[in-house]
Amino acid sequence: MKYFVIGSKRLQKALLFLIGLAISGCSEFEQAGVATGRTLGAYARVGNGTVSSYAEFDKNGAPRAIGIVFQASALEGLPTAHSDGHHCFDRNKDGKVDPLTECFASHEWIIPLPSEAARRSEIPFRWVA
């Protein structure tokens, strides 16, 4: 009978570490067909970086948290215009919308939730903004 012998202790430790990662990774993110852990949604370009929605599920697959994550660079290079025009109302009813006085001072990005969260009926929304 032949045995495979790993020569160096460093190589043995590295191999054990990789096996441990593989086992913990499989058990953390997939149990009985239910997604667990953190799942990322779609990415959107914001400023000089990206943002993404995420959802976290417990070991039974119940939603635990929903939010957004972003690169620090997403806070750099943001628009300088007063508004992106998403929320404007002709308040004085003159037939024109003045962006400085009749628009909310905001910019909006719609970021869909991960599909694992968006398709769940107990979550009342499908995106974050």
# chains A, B, ... in the order shown; residues from 1 in each chain; ligands from 1
call {"tool": "residues_around", "arguments": {"residues": "A:Glu56", "least_positions_apart": "4", "cutoff": "9 Å", "atoms": "only C-alpha atoms", "output": "ChimeraX atom specification"}}
result
/A:35-40,61-67,117
call {"tool": "closest_residue", "arguments": {"among": "A:Glu102, A:Ser83, A:Ile123, A:Trp109", "to": "A:Ala44", "atoms": "only C-alpha atoms"}}
result
A:Trp109
call {"tool": "residues_around", "arguments": {"residues": "stretch 69-80 of chain A", "least_positions_apart": "5", "cutoff": "10 Å", "atoms": "only C-alpha atoms", "output": "VMD selection string"}}
result
chain A and resid 40 43 to 54 106 to 107
call {"tool": "write_last_selection", "arguments": {"atoms": "N, CA and C atoms", "output": "short mmCIF file (atom, residue, chain, number, x, y, z; two decimals), in the first residue's frame"}}
result
data_model
loop_
_atom_site.label_atom_id
_atom_site.label_comp_id
_atom_site.auth_asym_id
_atom_site.auth_seq_id
_atom_site.Cartn_x
_atom_site.Cartn_y
_atom_site.Cartn_z
N LEU A 40 -24.89 39.15 -1.89
CA LEU A 40 -24.85 40.46 -2.52
C LEU A 40 -25.84 40.54 -3.68
N TYR A 43 -24.88 45.62 -8.44
CA TYR A 43 -23.99 46.74 -8.18
C TYR A 43 -24.46 47.95 -8.96
N ALA A 44 -24.23 49.14 -8.41
CA ALA A 44 -24.49 50.38 -9.12
C ALA A 44 -23.26 51.28 -8.96
N ARG A 45 -22.94 52.01 -10.01
CA ARG A 45 -21.83 52.97 -9.94
C ARG A 45 -22.33 54.23 -9.25
N VAL A 46 -21.65 54.62 -8.19
CA VAL A 46 -21.96 55.84 -7.46
C VAL A 46 -20.64 56.55 -7.22
N GLY A 47 -20.59 57.85 -7.52
CA GLY A 47 -19.34 58.59 -7.36
C GLY A 47 -18.24 57.90 -8.14
N ASN A 48 -17.12 57.69 -7.47
CA ASN A 48 -15.98 57.02 -8.11
C ASN A 48 -15.90 55.53 -7.75
N GLY A 49 -16.97 54.98 -7.19
CA GLY A 49 -16.94 53.58 -6.77
C GLY A 49 -18.24 52.87 -7.07
N THR A 50 -18.51 51.82 -6.33
CA THR A 50 -19.73 51.04 -6.52
C THR A 50 -20.41 50.82 -5.17
N VAL A 51 -21.72 50.60 -5.24
CA VAL A 51 -22.50 50.19 -4.08
C VAL A 51 -23.26 48.93 -4.46
N SER A 52 -23.63 48.15 -3.46
CA SER A 52 -24.39 46.93 -3.70
C SER A 52 -25.35 46.73 -2.54
N SER A 53 -26.49 46.15 -2.84
CA SER A 53 -27.39 45.74 -1.77
C SER A 53 -26.90 44.40 -1.24
N TYR A 54 -27.36 44.06 -0.05
CA TYR A 54 -27.06 42.73 0.48
C TYR A 54 -28.22 42.26 1.35
N SER A 106 -31.73 66.20 -4.06
CA SER A 106 -31.28 64.82 -3.85
C SER A 106 -30.90 64.17 -5.18
N HIS A 107 -30.17 63.11 -5.06
CA HIS A 107 -29.85 62.23 -6.18
C HIS A 107 -30.21 60.83 -5.73
#
call {"tool": "atom_distance", "arguments": {"atom1": "atom CA of A:Val128", "atom2": "atom CA of A:Val97"}}
result
26.7 Å
call {"tool": "atom_distance", "arguments": {"atom1": "atom CA of A:Asp58", "atom2": "atom CA of A:Ile110"}}
result
25.7 Å
call {"tool": "atom_distance", "arguments": {"atom1": "atom CA of A:His82", "atom2": "atom CA of A:Ala105"}}
result
5.3 Å
